[in-house]
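Working notes, beginning with the structure itself.
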Amino acid sequence: MDNLQISLWVVATLVTVALLFDFMNGFHDAANSIATIVSTRVLKPHQAVIWAAAFNFLAYFLFQLKVASTIGKGTIDPSIVDHYVVFGALIGAIVWNVITWYYGIPSSSSHALVGGLVGAALAKSGIDGLITAGVLKIIAFIFVAPFLGFVIGGALMVIVSWICRKMAPRKVDKYFRRFQLLSAAAYSLGHGGNDAQKTVGIIWMLLIAAGISHTTDPVPGWVVLSCYTAMGLGTMFGGWRIVKTMGNRITKLNQARGFCANSGGAVTLFLATAFGIPVSTTHTITGAIAGVGSTRGARRVRWGVARGIVWAWVLTIPCSAAMSAIAWYFGTLIL
């Protein structure tokens, strides 16, 4: 890394851009946290975003920074990281997020960022700039995370259906309105714990490249706190264009199904964060919702909608990588 050759204003500008990405991550992915509780009318939209944002931020106090370490050291060669690479990665991810938000496509902000890193690294150093094992692990979890969400969400739905088989539907809804608040809170904790750390990793890379921090130093506390705060604020402003797709277009939800979907997603995110694996909260909750719907029969899931979402998943990394490579080139001209 070209230590001490990055001016302070460039570092400050890129930290600001990184926090903007984190804000947009919360904004873009807010639907993942609130879609079920809004679509089942447990909370009104403005109440739901405040609920989700609060637990996004509380994740700051609960999770170790294993995901940040994976992003900072496990995706691209740290020796090639400079302000141009960071700029390209962030701009590529932000542009893809804006496009998918505008069209209401529930794509992954996480994989947009990974694609951004990959594209900028390839533009600078070619294939040698990638840590292949780390990138392949993240790509594998494009499929593993929704599969886990699908299995856990479906299994919980079967268990809940068996336990509540003799209860009146109105009574079931009454209980699960409360339980759904807890499951949405757990999901938001998992969302904050996994997603905010990705931007922590990016800023950490930048500070090391600038010589402000060293690889042996802990991540500065202000970096972690500012990232969790930015994500929480982004969630508060919400991603309303995506709520309808996630809440009802994949399958029809009620309180019990919403509880199982959020719980399945939360368990998956907790496991991934514990092992330091950056996963997509969008993929995870989509899989969990589909798993819950499938317990009522395959026809209860609108597989055409799900198929369209999967195409967005597949395209996210290559598209954001291409945009970041272009952004890297322009960054070398203007920074």
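Ordering of the structure tokens sets the chain letters (A, B, ...); residue numbers start at 1 within each chain; ligands are numbered from 1 in the order shown.
Close contacts of Ser226 in chain A, defined as residues with an atom at most 9 Å away when counting only C-alpha atoms, with chain neighbours fewer than 5 positions off set aside, comprise Leu19, Val200, Gly221 and Met231 of chain A.
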Include all heavy atoms and write out the residues we just selected as a compact mmCIF listing (two decimals), in the first residue's frame.
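Output saved as again27.txt:
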```
# COMPACT_ATOMS: atom_id res chain seq x y z
N LEU A 19 -19.81 6.11 4.31
CA LEU A 19 -20.95 6.24 5.22
C LEU A 19 -22.24 6.49 4.42
O LEU A 19 -23.32 6.04 4.83
CB LEU A 19 -20.70 7.37 6.22
CG LEU A 19 -19.58 7.10 7.22
CD1 LEU A 19 -19.36 8.33 8.11
CD2 LEU A 19 -19.89 5.87 8.08
N VAL A 200 -17.55 -1.04 7.67
CA VAL A 200 -16.44 -0.95 8.62
C VAL A 200 -15.17 -1.48 7.97
O VAL A 200 -14.09 -0.87 8.05
CB VAL A 200 -16.75 -1.74 9.92
CG1 VAL A 200 -15.49 -1.81 10.81
CG2 VAL A 200 -17.90 -1.10 10.69
N GLY A 221 -12.84 2.81 17.18
CA GLY A 221 -14.22 2.79 17.67
C GLY A 221 -15.12 3.74 16.91
O GLY A 221 -16.30 3.43 16.68
N MET A 231 -26.22 3.21 9.12
CA MET A 231 -27.16 2.17 8.69
C MET A 231 -28.51 2.35 9.38
O MET A 231 -29.57 2.22 8.74
CB MET A 231 -26.61 0.78 8.97
CG MET A 231 -27.63 -0.32 8.73
SD MET A 231 -26.88 -1.92 8.47
CE MET A 231 -26.31 -1.71 6.80
```
*as a VMD selection string, which residues of range 73-230 of chain A does DSSP assign to alpha helix (DSSP H)?*
chain A and resid 73 83 to 102 109 to 125 132 to 163 169 to 209 221 to 230
_Between CA of Val279 in chain A and CA of Ala145 in chain A, distance in Å (one decimal)_ =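 Distance reported for this atom pair: 6.8 Å.
Residue nearest Pro78 in chain A, chosen from A:Val49, A:Ala35, A:Leu181, A:Ile208 and counting only C-alpha atoms: A:Ile208.
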I'd like a table as a Markdown table: residues in range 136-213 of chain A with an atom no more than 6 Å from range 250-274 of chain A, each row giving the shortest atom pair and its distance in Å to one decimal, only C-alpha atoms counted, sorted by chain and rising residue number.
```
| residue | atom | partner | partner_atom | distance |
| --- | --- | --- | --- | --- |
| A:Gly149 | CA | A:Gly265 | CA | 5.2 |
| A:Ile152 | CA | A:Gly264 | CA | 4.9 |
| A:Gly153 | CA | A:Gly264 | CA | 4.2 |
| A:Leu156 | CA | A:Cys260 | CA | 5.6 |
| A:Met157 | CA | A:Cys260 | CA | 5.7 |
| A:Asp173 | CA | A:Gln255 | CA | 5.6 |
| A:Phe176 | CA | A:Gln255 | CA | 5.4 |
| A:Arg177 | CA | A:Gln255 | CA | 5.6 |
| A:Gln180 | CA | A:Phe259 | CA | 4.5 |
| A:Ser183 | CA | A:Ser263 | CA | 5.2 |
| A:Ala184 | CA | A:Asn262 | CA | 5.8 |
| A:Ala186 | CA | A:Ala266 | CA | 5.8 |
| A:Tyr187 | CA | A:Ala266 | CA | 4.2 |
| A:Gly190 | CA | A:Leu269 | CA | 5.2 |
| A:Asn194 | CA | A:Thr273 | CA | 5.6 |
```
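Of the residues listed (A:Thr216, A:Ser108, A:Thr229, A:Gln64), A:Thr229 shows the shortest atom-to-atom separation from Asp22 in chain A; distances use only C-alpha atoms.
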*Hey, what's within 7 Å of range 117-121 of chain A if we count only C-alpha atoms and toss same-chain stuff fewer than 5 positions away? As a list in words, please?*
Ile76, Val85, Gly88, Ala89, Gly126, Gly129, Leu130, Ala321, Ala322, Ser324, Ala325 and Trp328 of chain A
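The shortest atom-to-atom distance to Pro45 in chain A, with only C-alpha atoms taken into account, belongs to A:Met236 out of A:Met236, A:Ala123, A:Leu8, A:Ala185.
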_Within 6 Å of range 314-319 of chain A using only C-alpha atoms, minus same-chain residues under 2 positions, as a list in words_ =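 After dropping sequence-adjacent residues, the list is His111, Ala112, Gly115, Trp311, Ala312, Ala321 and Ala322 of chain A.
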_Neighbouring residues of Ser79 in chain A were defined as those with any atom within 12 Å, considering only C-alpha atoms; residues of the same chain fewer than 6 positions away were excluded. Please report them as a list in words._
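The neighbour list is Met1, Asp2, Asn3, Gly72, Lys73, Val85, Ala121, Lys124, Ser125, Asp128, Gly129, Leu130, Ile131, Met205, Leu206, Ile208, Ala209, Ala210 and Thr215 of chain A.
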Generate a file of the selected residues that holds N, CA and C atoms, formatted as a JSON list (two decimals), in the first residue's frame.
```json
[["chain", "number", "residue", "atom", "x", "y", "z"],
["A", 1, "MET", "N", 0.84, -1.19, 0.00],
["A", 1, "MET", "CA", 0.00, 0.00, 0.00],
["A", 1, "MET", "C", 0.88, 1.26, 0.00],
["A", 2, "ASP", "N", 0.42, 2.30, -0.66],
["A", 2, "ASP", "CA", 1.18, 3.54, -0.73],
["A", 2, "ASP", "C", 0.87, 4.41, 0.49],
["A", 3, "ASN", "N", 1.40, 4.00, 1.64],
["A", 3, "ASN", "CA", 1.11, 4.69, 2.88],
["A", 3, "ASN", "C", 1.55, 6.15, 2.83],
["A", 72, "GLY", "N", -12.23, -6.67, 4.95],
["A", 72, "GLY", "CA", -10.99, -5.91, 4.94],
["A", 72, "GLY", "C", -9.77, -6.70, 4.52],
["A", 73, "LYS", "N", -9.78, -8.02, 4.79],
["A", 73, "LYS", "CA", -8.56, -8.81, 4.54],
["A", 73, "LYS", "C", -8.79, -10.05, 3.70],
["A", 85, "VAL", "N", -8.94, 2.31, -5.45],
["A", 85, "VAL", "CA", -9.67, 1.05, -5.30],
["A", 85, "VAL", "C", -10.91, 1.25, -4.42],
["A", 121, "ALA", "N", -10.41, -4.11, -7.96],
["A", 121, "ALA", "CA", -9.16, -4.87, -7.86],
["A", 121, "ALA", "C", -8.73, -5.42, -9.22],
["A", 124, "LYS", "N", -7.26, -2.69, -11.38],
["A", 124, "LYS", "CA", -5.92, -2.26, -11.00],
["A", 124, "LYS", "C", -4.87, -3.34, -11.22],
["A", 125, "SER", "N", -5.17, -4.57, -10.79],
["A", 125, "SER", "CA", -4.12, -5.60, -10.74],
["A", 125, "SER", "C", -4.45, -6.88, -11.47],
["A", 128, "ASP", "N", -4.78, -11.42, -10.12],
["A", 128, "ASP", "CA", -3.88, -11.60, -8.97],
["A", 128, "ASP", "C", -4.27, -10.72, -7.79],
["A", 129, "GLY", "N", -5.10, -9.71, -8.03],
["A", 129, "GLY", "CA", -5.53, -8.84, -6.96],
["A", 129, "GLY", "C", -6.62, -9.44, -6.07],
["A", 130, "LEU", "N", -7.18, -10.56, -6.49],
["A", 130, "LEU", "CA", -8.27, -11.19, -5.73],
["A", 130, "LEU", "C", -7.74, -12.26, -4.80],
["A", 131, "ILE", "N", -8.40, -12.41, -3.65],
["A", 131, "ILE", "CA", -8.19, -13.57, -2.78],
["A", 131, "ILE", "C", -9.29, -14.55, -3.16],
["A", 205, "MET", "N", -9.82, -0.64, 5.56],
["A", 205, "MET", "CA", -8.86, -0.79, 4.46],
["A", 205, "MET", "C", -8.27, 0.57, 4.06],
["A", 206, "LEU", "N", -9.13, 1.56, 3.97],
["A", 206, "LEU", "CA", -8.69, 2.89, 3.57],
["A", 206, "LEU", "C", -7.72, 3.49, 4.58],
["A", 208, "ILE", "N", -5.80, 1.95, 6.68],
["A", 208, "ILE", "CA", -4.52, 1.23, 6.62],
["A", 208, "ILE", "C", -3.72, 1.68, 5.40],
["A", 209, "ALA", "N", -4.41, 1.81, 4.26],
["A", 209, "ALA", "CA", -3.72, 2.26, 3.03],
["A", 209, "ALA", "C", -3.13, 3.65, 3.20],
["A", 210, "ALA", "N", -3.81, 4.50, 3.98],
["A", 210, "ALA", "CA", -3.33, 5.87, 4.19],
["A", 210, "ALA", "C", -2.28, 5.97, 5.28],
["A", 215, "THR", "N", -2.30, -2.85, 10.26],
["A", 215, "THR", "CA", -3.04, -4.12, 10.22],
["A", 215, "THR", "C", -3.13, -4.78, 11.59]]
```
*Could you tell me how far CA of Ala327 in chain A lies from CA of Ala196 in chain A, in Å and to one decimal?*
22.7 Å
_Distance query Phe55 in chain A at most 9 Å, only C-alpha atoms, self and fewer than 3 positions along chain excluded, as a list in words_ = Ile50, Trp51, Ala52, Leu58, Ala59, Ala185, Ala186, Tyr187, Ser188, Leu189, Gly190, His191, Gly192 and Gly232 of chain A
Once you have the residues from the selection above, write them out as a CSV table (one decimal), in the first residue's frame, restricted to N, CA and C atoms.
```csv
chain,number,residue,atom,x,y,z
A,50,ILE,N,-38.7,2.7,12.5
A,50,ILE,CA,-38.1,3.1,13.8
A,50,ILE,C,-37.7,1.8,14.6
A,51,TRP,N,-38.6,0.9,14.6
A,51,TRP,CA,-38.3,-0.4,15.3
A,51,TRP,C,-37.1,-1.1,14.7
A,52,ALA,N,-37.1,-1.2,13.4
A,52,ALA,CA,-35.9,-1.9,12.8
A,52,ALA,C,-34.6,-1.1,12.9
A,58,LEU,N,-28.5,-1.3,17.8
A,58,LEU,CA,-28.1,-2.1,19.0
A,58,LEU,C,-27.2,-3.3,18.6
A,59,ALA,N,-27.2,-3.7,17.4
A,59,ALA,CA,-26.2,-4.8,17.0
A,59,ALA,C,-24.8,-4.4,17.3
A,185,ALA,N,-37.3,-7.8,15.5
A,185,ALA,CA,-36.2,-7.2,16.2
A,185,ALA,C,-35.0,-8.1,16.0
A,186,ALA,N,-35.1,-9.4,16.1
A,186,ALA,CA,-34.0,-10.3,16.0
A,186,ALA,C,-33.4,-10.2,14.6
A,187,TYR,N,-34.3,-10.1,13.6
A,187,TYR,CA,-33.8,-10.0,12.2
A,187,TYR,C,-33.1,-8.7,12.0
A,188,SER,N,-33.6,-7.6,12.6
A,188,SER,CA,-32.9,-6.3,12.4
A,188,SER,C,-31.5,-6.4,13.1
A,189,LEU,N,-31.4,-7.1,14.2
A,189,LEU,CA,-30.1,-7.2,14.9
A,189,LEU,C,-29.1,-7.9,14.0
A,190,GLY,N,-29.6,-9.0,13.4
A,190,GLY,CA,-28.8,-9.8,12.4
A,190,GLY,C,-28.4,-8.9,11.2
A,191,HIS,N,-29.3,-8.1,10.7
A,191,HIS,CA,-29.1,-7.3,9.6
A,191,HIS,C,-28.0,-6.2,9.9
A,192,GLY,N,-28.2,-5.6,11.1
A,192,GLY,CA,-27.2,-4.6,11.5
A,192,GLY,C,-25.8,-5.2,11.7
A,232,GLY,N,-28.5,2.6,10.7
A,232,GLY,CA,-29.7,2.8,11.4
A,232,GLY,C,-30.5,4.0,10.8
```
*Using only C-alpha atoms: which of A:Val114, A:Cys227, A:Ile94, A:Ile289 has the shortest distance to His28 in chain A*: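 Among the listed residues, the smallest separation from His28 in chain A belongs to A:Ile94.
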*Separation of CA of Val38 in chain A from CA of Gly297 in chain A, in Å and rounded to one decimal*: 23.9 Å
